[in-house]
Amino acid sequence: WERNFALLEQFKEREGHCNVPHSHEEDGINLGRWLSRLRQIRKGNRDGNLSSERIERLESLGMIWESLEDQWERNFALLEQFNEREGHCNVPQSHEESGIKLGIWLNRLRQVRKGNKDGNLSPEQIGRLENIGVVWDQLEDQWERNFAL
């Protein structure tokens with residue numbers, strides 16, 4: 001555990017965060033898998049023990065326990081930023097915002113909502129996206145706008 005923690009400290013110092021990709025190796029240790037295992041233990045989805053002292057040490061380093069949730073929130077904030085600047089949420093597929101492939105992310109959410117891709121969008125997430133103007137079916141929306149002319 002101490003060796004892996006030291007590798008996480010090393011990663012954090014170099015990268016500026018503790019959001020280690022799942023398949024990332026550091027000095028021959030799969031650090032991403034180790035952190036994933038710790039997340040599962042903390043959630044109670046895996047056998048193991050994670051003392052409050054170790055949790056505190058990880059959190060003091062900046063450990064993100066719900067990495068997918070955190071990533072969704074970061075992407076949503078970028079979508080809000082795009083919307084404020086451009087006046088809409090029709091992000092081009094190839095568009096990147098602050099190094100994030102925002103167009104691909106939004107298209108994936110549309111596909112998940114249609115049931116064409118695996119994934120899950122909570123009713124709260126759907127509501128938040130709709131509140132800022134996300135259009136789920138762009139072709140239908142374009143047709144309706146043209147028909148109204």
# chains A, B, ... in the order shown; residues from 1 in each chain; ligands from 1
$ residues_around --residues "Met63 of chain A" --least-positions-apart "2" --cutoff "10 Å" --atoms "only C-alpha atoms" --output "list in words"
Leu8, Lys12, His17, Cys18, Asn19, Val20, Leu35, Arg39, Ile55, Glu56, Arg57, Leu58, Glu59, Ser60, Leu61, Trp65, Glu66 and Ser67 of chain A
$ residues_around --residues "His88 of chain A" --least-positions-apart "6" --cutoff "12 Å" --atoms "only C-alpha atoms" --output "PyMOL selection string"
chain A and resi 79-82+129-135
$ select_by_dssp --residues "chain A" --states "alpha helix (DSSP H)" --output "ChimeraX atom specification"
/A:2-15,31-43,52-61,67-86,102-114,123-131,138-148
$ residues_around --residues "Asp137 of chain A" --least-positions-apart "3" --cutoff "10 Å" --atoms "only C-alpha atoms" --output "MDAnalysis selection string"
chainID A and resid 110:111 114 134 140:142
$ select_by_dssp --residues "chain A" --states "strand (DSSP E)" --output "number ranges by chain"
A: 25-26, 29-30
$ write_last_selection --atoms "N, CA and C atoms" --output "PDB file, in the first residue's frame"
ATOM      1  N   GLU A  25       0.163   2.706 -15.830  1.00  0.00           N
ATOM      2  CA  GLU A  25       1.180   2.059 -15.004  1.00  0.00           C
ATOM      3  C   GLU A  25       2.230   3.072 -14.598  1.00  0.00           C
ATOM      4  N   GLU A  26       2.696   2.924 -13.384  1.00  0.00           N
ATOM      5  CA  GLU A  26       3.742   3.779 -12.834  1.00  0.00           C
ATOM      6  C   GLU A  26       4.788   2.845 -12.235  1.00  0.00           C
ATOM      7  N   ILE A  29       3.716  -0.747 -11.826  1.00  0.00           N
ATOM      8  CA  ILE A  29       2.506  -0.977 -11.024  1.00  0.00           C
ATOM      9  C   ILE A  29       1.326  -0.345 -11.748  1.00  0.00           C
ATOM     10  N   ASN A  30       0.230  -1.098 -11.898  1.00  0.00           N
ATOM     11  CA  ASN A  30      -0.960  -0.528 -12.524  1.00  0.00           C
ATOM     12  C   ASN A  30      -1.674   0.329 -11.491  1.00  0.00           C
TER      13      ASN A  30
END
$ residues_around --residues "Asn75 of chain A" --least-positions-apart "4" --cutoff "12 Å" --atoms "only C-alpha atoms" --output "list in words"
Leu68, Glu69, Asp70, Gln71, Leu79, Glu80, Gln81, Phe82, Glu96, Glu97, Ser98, Gly99, Ile100, Lys101, Leu102, Gly103, Ile104, Trp105, Leu106, Leu109, Gln125 and Leu129 of chain A
$ atom_distance --atom1 "atom CA of Lys117 of chain A" --atom2 "atom CA of Arg145 of chain A"
27.3 Å
$ atom_distance --atom1 "atom CA of His24 of chain A" --atom2 "atom CA of Phe11 of chain A"
10.2 Å
$ atom_distance --atom1 "atom CA of Arg128 of chain A" --atom2 "atom CA of Asn107 of chain A"
16.0 Å
$ closest_residue --among "A:Trp72, A:Arg42, A:Ser23, A:Gln10" --to "Leu121 of chain A" --atoms "only C-alpha atoms"
A:Trp72
